[in-house]
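Enquirer: Hey, dropping upload_0.txt in here, compact mmCIF, N, CA and C atoms:
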```
# COMPACT_ATOMS: atom_id res chain seq x y z
N MET A 397 49.81 -3.15 -16.64
CA MET A 397 49.05 -2.14 -15.91
C MET A 397 47.64 -2.65 -15.64
N PHE A 398 47.15 -2.30 -14.52
CA PHE A 398 45.79 -2.64 -14.10
C PHE A 398 44.97 -1.36 -14.09
N THR A 399 43.82 -1.39 -14.75
CA THR A 399 42.92 -0.24 -14.72
C THR A 399 41.94 -0.43 -13.58
N TYR A 400 42.01 0.48 -12.64
CA TYR A 400 41.20 0.42 -11.43
C TYR A 400 39.77 0.84 -11.73
N PRO A 401 38.78 -0.05 -11.54
CA PRO A 401 37.38 0.33 -11.81
C PRO A 401 36.84 1.26 -10.73
N ILE A 402 36.02 2.20 -11.14
CA ILE A 402 35.41 3.16 -10.22
C ILE A 402 33.89 3.12 -10.42
N ILE A 403 33.17 2.96 -9.32
CA ILE A 403 31.70 2.96 -9.38
C ILE A 403 31.22 4.41 -9.42
N ASP A 404 30.41 4.73 -10.41
CA ASP A 404 29.78 6.05 -10.50
C ASP A 404 28.55 6.00 -9.60
N MET A 405 28.68 6.55 -8.40
CA MET A 405 27.61 6.45 -7.41
C MET A 405 26.35 7.19 -7.83
N GLU A 406 26.52 8.34 -8.48
CA GLU A 406 25.35 9.12 -8.90
C GLU A 406 24.55 8.38 -9.96
N LYS A 407 25.21 7.85 -10.97
CA LYS A 407 24.51 7.12 -12.03
C LYS A 407 23.96 5.79 -11.52
N THR A 408 24.67 5.16 -10.60
CA THR A 408 24.15 3.93 -9.99
C THR A 408 22.86 4.25 -9.23
N GLY A 409 22.86 5.36 -8.50
CA GLY A 409 21.66 5.79 -7.78
C GLY A 409 20.51 6.07 -8.72
N GLN A 410 20.82 6.68 -9.87
CA GLN A 410 19.78 6.94 -10.87
C GLN A 410 19.20 5.62 -11.39
N ASN A 411 20.06 4.62 -11.56
CA ASN A 411 19.58 3.30 -11.99
C ASN A 411 18.66 2.68 -10.94
N ILE A 412 19.03 2.81 -9.68
CA ILE A 412 18.19 2.27 -8.60
C ILE A 412 16.82 2.94 -8.61
N MET A 413 16.81 4.26 -8.76
CA MET A 413 15.53 4.98 -8.78
C MET A 413 14.71 4.59 -10.01
N ARG A 414 15.35 4.54 -11.15
CA ARG A 414 14.65 4.19 -12.40
C ARG A 414 14.05 2.79 -12.31
N LEU A 415 14.84 1.83 -11.83
CA LEU A 415 14.35 0.46 -11.72
C LEU A 415 13.24 0.34 -10.68
N ARG A 416 13.38 1.10 -9.58
CA ARG A 416 12.33 1.08 -8.54
C ARG A 416 11.00 1.54 -9.13
N VAL A 417 11.04 2.67 -9.83
CA VAL A 417 9.82 3.22 -10.42
C VAL A 417 9.29 2.29 -11.51
N GLN A 418 10.18 1.81 -12.35
CA GLN A 418 9.80 0.93 -13.46
C GLN A 418 9.08 -0.33 -12.96
N HIS A 419 9.50 -0.83 -11.79
CA HIS A 419 8.89 -2.04 -11.25
C HIS A 419 7.77 -1.76 -10.25
N GLY A 420 7.42 -0.48 -10.09
CA GLY A 420 6.26 -0.12 -9.28
C GLY A 420 6.47 -0.17 -7.79
N TYR A 421 7.71 -0.08 -7.32
CA TYR A 421 7.97 -0.06 -5.88
C TYR A 421 8.05 1.37 -5.38
N SER A 422 7.45 1.63 -4.25
CA SER A 422 7.61 2.93 -3.59
C SER A 422 8.85 2.84 -2.69
N VAL A 423 9.33 4.00 -2.27
CA VAL A 423 10.45 4.02 -1.33
C VAL A 423 10.04 3.32 -0.04
N LYS A 424 8.81 3.56 0.40
CA LYS A 424 8.29 2.92 1.62
C LYS A 424 8.28 1.40 1.49
N GLN A 425 7.91 0.88 0.32
CA GLN A 425 7.91 -0.56 0.12
C GLN A 425 9.33 -1.12 0.22
N LEU A 426 10.29 -0.44 -0.40
CA LEU A 426 11.69 -0.91 -0.29
C LEU A 426 12.16 -0.83 1.16
N GLN A 427 11.80 0.22 1.85
CA GLN A 427 12.15 0.36 3.26
C GLN A 427 11.65 -0.86 4.04
N ASN A 428 10.42 -1.26 3.80
CA ASN A 428 9.84 -2.41 4.50
C ASN A 428 10.51 -3.71 4.09
N ILE A 429 10.80 -3.88 2.79
CA ILE A 429 11.46 -5.10 2.31
C ILE A 429 12.81 -5.28 2.99
N PHE A 430 13.56 -4.17 3.12
CA PHE A 430 14.90 -4.25 3.73
C PHE A 430 14.86 -4.18 5.25
N GLY A 431 13.69 -3.88 5.82
CA GLY A 431 13.57 -3.83 7.27
C GLY A 431 14.21 -2.60 7.89
N PHE A 432 14.31 -1.51 7.12
CA PHE A 432 14.88 -0.28 7.63
C PHE A 432 13.84 0.48 8.45
N ALA A 433 14.28 1.12 9.53
CA ALA A 433 13.37 1.90 10.37
C ALA A 433 12.92 3.18 9.68
N THR A 434 13.78 3.74 8.83
CA THR A 434 13.46 4.96 8.09
C THR A 434 13.84 4.76 6.62
N PRO A 435 13.34 5.61 5.74
CA PRO A 435 13.66 5.46 4.31
C PRO A 435 14.98 6.12 3.91
N GLN A 436 15.71 6.69 4.86
CA GLN A 436 16.90 7.47 4.53
C GLN A 436 17.91 6.68 3.68
N ALA A 437 18.13 5.42 3.98
CA ALA A 437 19.11 4.62 3.22
C ALA A 437 18.71 4.54 1.74
N ILE A 438 17.43 4.34 1.48
CA ILE A 438 16.95 4.25 0.10
C ILE A 438 17.20 5.57 -0.63
N TYR A 439 16.87 6.68 0.03
CA TYR A 439 17.08 7.99 -0.59
C TYR A 439 18.57 8.25 -0.83
N LYS A 440 19.42 7.84 0.12
CA LYS A 440 20.86 8.02 -0.05
C LYS A 440 21.38 7.21 -1.23
N TRP A 441 20.87 5.98 -1.41
CA TRP A 441 21.26 5.17 -2.58
C TRP A 441 20.87 5.90 -3.85
N GLN A 442 19.61 6.35 -3.89
CA GLN A 442 19.08 6.97 -5.11
C GLN A 442 19.79 8.26 -5.48
N HIS A 443 20.31 8.98 -4.49
CA HIS A 443 21.00 10.24 -4.74
C HIS A 443 22.51 10.06 -4.86
N GLY A 444 22.98 8.82 -4.79
CA GLY A 444 24.41 8.56 -4.95
C GLY A 444 25.26 9.00 -3.78
N VAL A 445 24.64 9.16 -2.62
CA VAL A 445 25.39 9.55 -1.42
C VAL A 445 26.09 8.34 -0.83
N THR A 446 25.39 7.20 -0.81
CA THR A 446 25.96 5.94 -0.33
C THR A 446 25.59 4.84 -1.32
N MET A 447 26.24 3.71 -1.15
CA MET A 447 25.96 2.54 -1.98
C MET A 447 25.31 1.45 -1.12
N PRO A 448 24.43 0.67 -1.72
CA PRO A 448 23.90 -0.48 -0.97
C PRO A 448 25.04 -1.46 -0.66
N SER A 449 24.93 -2.14 0.45
CA SER A 449 25.90 -3.20 0.75
C SER A 449 25.77 -4.29 -0.32
N ILE A 450 26.74 -5.15 -0.39
CA ILE A 450 26.69 -6.25 -1.37
C ILE A 450 25.41 -7.07 -1.18
N ASP A 451 25.07 -7.37 0.07
CA ASP A 451 23.86 -8.15 0.35
C ASP A 451 22.62 -7.42 -0.18
N ASN A 452 22.53 -6.13 0.09
CA ASN A 452 21.37 -5.36 -0.36
C ASN A 452 21.36 -5.19 -1.87
N LEU A 453 22.52 -5.11 -2.48
CA LEU A 453 22.61 -5.01 -3.93
C LEU A 453 22.06 -6.29 -4.58
N ILE A 454 22.36 -7.42 -4.00
CA ILE A 454 21.85 -8.71 -4.50
C ILE A 454 20.33 -8.76 -4.38
N VAL A 455 19.80 -8.25 -3.27
CA VAL A 455 18.34 -8.23 -3.08
C VAL A 455 17.70 -7.30 -4.10
N LEU A 456 18.30 -6.13 -4.33
CA LEU A 456 17.76 -5.20 -5.34
C LEU A 456 17.72 -5.86 -6.71
N ALA A 457 18.80 -6.54 -7.07
CA ALA A 457 18.86 -7.21 -8.38
C ALA A 457 17.75 -8.26 -8.49
N ALA A 458 17.51 -8.99 -7.42
CA ALA A 458 16.44 -10.01 -7.43
C ALA A 458 15.07 -9.35 -7.54
N LEU A 459 14.85 -8.29 -6.77
CA LEU A 459 13.56 -7.57 -6.81
C LEU A 459 13.27 -7.01 -8.20
N PHE A 460 14.32 -6.43 -8.81
CA PHE A 460 14.15 -5.79 -10.11
C PHE A 460 14.34 -6.78 -11.26
N GLN A 461 14.69 -8.02 -10.94
CA GLN A 461 14.88 -9.08 -11.93
C GLN A 461 15.89 -8.68 -13.00
N VAL A 462 17.03 -8.15 -12.52
CA VAL A 462 18.12 -7.75 -13.41
C VAL A 462 19.44 -8.24 -12.80
N PRO A 463 20.48 -8.38 -13.63
CA PRO A 463 21.79 -8.68 -13.05
C PRO A 463 22.33 -7.45 -12.31
N VAL A 464 23.20 -7.68 -11.35
CA VAL A 464 23.81 -6.58 -10.60
C VAL A 464 24.46 -5.58 -11.55
N ASP A 465 25.02 -6.06 -12.65
CA ASP A 465 25.67 -5.18 -13.63
C ASP A 465 24.70 -4.17 -14.24
N ASP A 466 23.40 -4.45 -14.20
CA ASP A 466 22.42 -3.49 -14.71
C ASP A 466 22.10 -2.39 -13.69
N ILE A 467 22.55 -2.58 -12.47
CA ILE A 467 22.36 -1.57 -11.44
C ILE A 467 23.60 -0.70 -11.31
N LEU A 468 24.75 -1.34 -11.22
CA LEU A 468 26.01 -0.62 -11.05
C LEU A 468 26.46 0.03 -12.35
N VAL A 469 27.00 1.24 -12.24
CA VAL A 469 27.64 1.91 -13.38
C VAL A 469 29.11 2.04 -13.01
N VAL A 470 29.95 1.35 -13.78
CA VAL A 470 31.38 1.29 -13.48
C VAL A 470 32.17 1.90 -14.64
N HIS A 471 33.12 2.75 -14.28
CA HIS A 471 34.01 3.36 -15.27
C HIS A 471 35.43 2.89 -15.00
N ASN A 472 36.24 2.90 -16.02
CA ASN A 472 37.66 2.62 -15.83
C ASN A 472 38.31 3.84 -15.23
N GLY A 473 39.06 3.62 -14.17
CA GLY A 473 39.75 4.73 -13.50
C GLY A 473 41.17 4.83 -13.97
N ALA A 474 42.01 5.27 -13.08
CA ALA A 474 43.43 5.47 -13.38
C ALA A 474 44.15 4.12 -13.47
N ASP A 475 45.18 4.10 -14.31
CA ASP A 475 46.04 2.91 -14.39
C ASP A 475 46.88 2.84 -13.14
N MET A 476 47.06 1.62 -12.64
CA MET A 476 47.87 1.42 -11.46
C MET A 476 48.85 0.30 -11.73
N LYS A 477 50.06 0.42 -11.21
CA LYS A 477 51.04 -0.65 -11.31
C LYS A 477 50.77 -1.63 -10.16
N MET A 478 50.77 -2.89 -10.50
CA MET A 478 50.57 -3.91 -9.48
C MET A 478 51.89 -4.10 -8.73
N GLY A 479 51.80 -4.26 -7.41
CA GLY A 479 53.00 -4.41 -6.58
C GLY A 479 53.73 -5.71 -6.88
N ALA A 480 55.01 -5.73 -6.54
CA ALA A 480 55.85 -6.90 -6.79
C ALA A 480 55.71 -7.90 -5.70
```
What does this structure look like when you write it as structure tokens?
Expert:
Amino acid sequence: MFTYPIIDMEKTGQNIMRLRVQHGYSVKQLQNIFGFATPQAIYKWQHGVTMPSIDNLIVLAALFQVPVDDILVVHNGADMKMGA
């Protein structure tokens, strides 16, 4: 059996917000770093509405000087049978 991992988007968003504040970045600063026209993407990440793309997740990890695993919160989901 394979246990399917599930990303907890809300807790991951809380980690993004906590790390942002801990490292002294404002939402506006992250918006500028990522080149976003508006801050909506940052707010959506922080509230667990959406997830950063893999590329943006790597940038966040570098900015916060942490491994990606310190940003993502992953739980074991349902067991699944692997196809034949």
Enquirer: If you run DSSP on the backbone here, which positions in chain A get strand (DSSP E or B)? Please write them as number ranges by chain.
Expert: A: 398-403, 470-476
Enquirer: Would you pick out the contacts of range 410-416 of chain A at 6 Å or less, using only N, CA and C atoms, so that residues sharing its chain but fewer than 5 positions from it are not included, and give the list as a list of chain:residue names?
Expert: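 What passes the distance filter is A:Met405, A:Tyr421, A:Gln442, A:His443, A:Gly444, A:Ile467.
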Enquirer: Using all atoms listed in the file, which of A:Thr434, A:Gln427, A:Val469, A:Val445 sits nearest Thr408 in chain A?
Expert: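 Under the stated criterion, the closest residue is A:Val469.
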Enquirer: Within 8 Å of Pro435 in chain A, counting all atoms listed in the file, which residues show up once you throw out same-chain ones fewer than 6 positions away? Write them as number ranges by chain, please.
Expert: A: 423-424, 426-428, 441
Enquirer: For the selection you just gave me, I'd like the residues written to a file as a PDB file, in the frame of the given file, keeping N, CA and C atoms.
Expert:
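Listing of selection-v4.pdb after writing:
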```pdb
ATOM      1  N   VAL A 423       9.330   4.000  -2.270  1.00  0.00           N
ATOM      2  CA  VAL A 423      10.450   4.020  -1.330  1.00  0.00           C
ATOM      3  C   VAL A 423      10.040   3.320  -0.040  1.00  0.00           C
ATOM      4  N   LYS A 424       8.810   3.560   0.400  1.00  0.00           N
ATOM      5  CA  LYS A 424       8.290   2.920   1.620  1.00  0.00           C
ATOM      6  C   LYS A 424       8.280   1.400   1.490  1.00  0.00           C
ATOM      7  N   LEU A 426      10.290  -0.440  -0.400  1.00  0.00           N
ATOM      8  CA  LEU A 426      11.690  -0.910  -0.290  1.00  0.00           C
ATOM      9  C   LEU A 426      12.160  -0.830   1.160  1.00  0.00           C
ATOM     10  N   GLN A 427      11.800   0.220   1.850  1.00  0.00           N
ATOM     11  CA  GLN A 427      12.150   0.360   3.260  1.00  0.00           C
ATOM     12  C   GLN A 427      11.650  -0.860   4.040  1.00  0.00           C
ATOM     13  N   ASN A 428      10.420  -1.260   3.800  1.00  0.00           N
ATOM     14  CA  ASN A 428       9.840  -2.410   4.500  1.00  0.00           C
ATOM     15  C   ASN A 428      10.510  -3.710   4.090  1.00  0.00           C
ATOM     16  N   TRP A 441      20.870   5.980  -1.410  1.00  0.00           N
ATOM     17  CA  TRP A 441      21.260   5.170  -2.580  1.00  0.00           C
ATOM     18  C   TRP A 441      20.870   5.900  -3.850  1.00  0.00           C
TER      19      TRP A 441
END
```
Enquirer: One decimal, in Å: what's the spacing between CA of Phe430 in chain A and atom N of Met447 in chain A?
Expert: 14.7 Å
Enquirer: Could the centre and edge lengths of an axis-aligned box, enclosing all atoms of range 445-448 of chain A in the file with 3 Å extra on each side, be given in Å to one decimal as AutoDock Vina command-line options?
Expert:
```
--center_x 25.1 --center_y 4.0 --center_z -1.5 --size_x 8.3 --size_y 17.0 --size_z 8.3
```
Enquirer: One decimal, in Å: what's the spacing between CA of Gly473 in chain A and atom C of Thr446 in chain A?
Expert: 18.7 Å
Enquirer: Determine which residues of chain A receive a DSSP assignment of alpha helix (DSSP H), computed from the backbone, and state them as a VMD selection string.
Expert: chain A and resid 405 to 418 423 to 430 436 to 442 450 to 460
Enquirer: Please, what distance in Å, to one decimal, runs between CA of Tyr439 in chain A and atom N of Gly409 in chain A?
Expert: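 Computing the Euclidean distance for CA of Tyr439 in chain A and atom N of Gly409 in chain A yields 10.1 Å.
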Enquirer: Write out as a JSON list (two decimals) with N, CA and C atoms, in the coordinates of the input which residues come within 6.5 Å of Pro401 in chain A when counting all atoms listed in the file, dropping same-chain ones fewer than 6 positions away.
Expert:
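Generated file (around_1.json):
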```
[["chain", "number", "residue", "atom", "x", "y", "z"],
["A", 470, "VAL", "N", 29.95, 1.35, -13.78],
["A", 470, "VAL", "CA", 31.38, 1.29, -13.48],
["A", 470, "VAL", "C", 32.17, 1.90, -14.64],
["A", 471, "HIS", "N", 33.12, 2.75, -14.28],
["A", 471, "HIS", "CA", 34.01, 3.36, -15.27],
["A", 471, "HIS", "C", 35.43, 2.89, -15.00],
["A", 472, "ASN", "N", 36.24, 2.90, -16.02],
["A", 472, "ASN", "CA", 37.66, 2.62, -15.83],
["A", 472, "ASN", "C", 38.31, 3.84, -15.23],
["A", 473, "GLY", "N", 39.06, 3.62, -14.17],
["A", 473, "GLY", "CA", 39.75, 4.73, -13.50],
["A", 473, "GLY", "C", 41.17, 4.83, -13.97],
["A", 474, "ALA", "N", 42.01, 5.27, -13.08],
["A", 474, "ALA", "CA", 43.43, 5.47, -13.38],
["A", 474, "ALA", "C", 44.15, 4.12, -13.47]]
```
Enquirer: Considering only N, CA and C atoms, can you say which of A:Val417, A:Leu468, A:Ile438, A:Phe432 comes closest to Asp404 in chain A?
Expert: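 Ranked by minimum distance to Asp404 in chain A, first place goes to A:Leu468.
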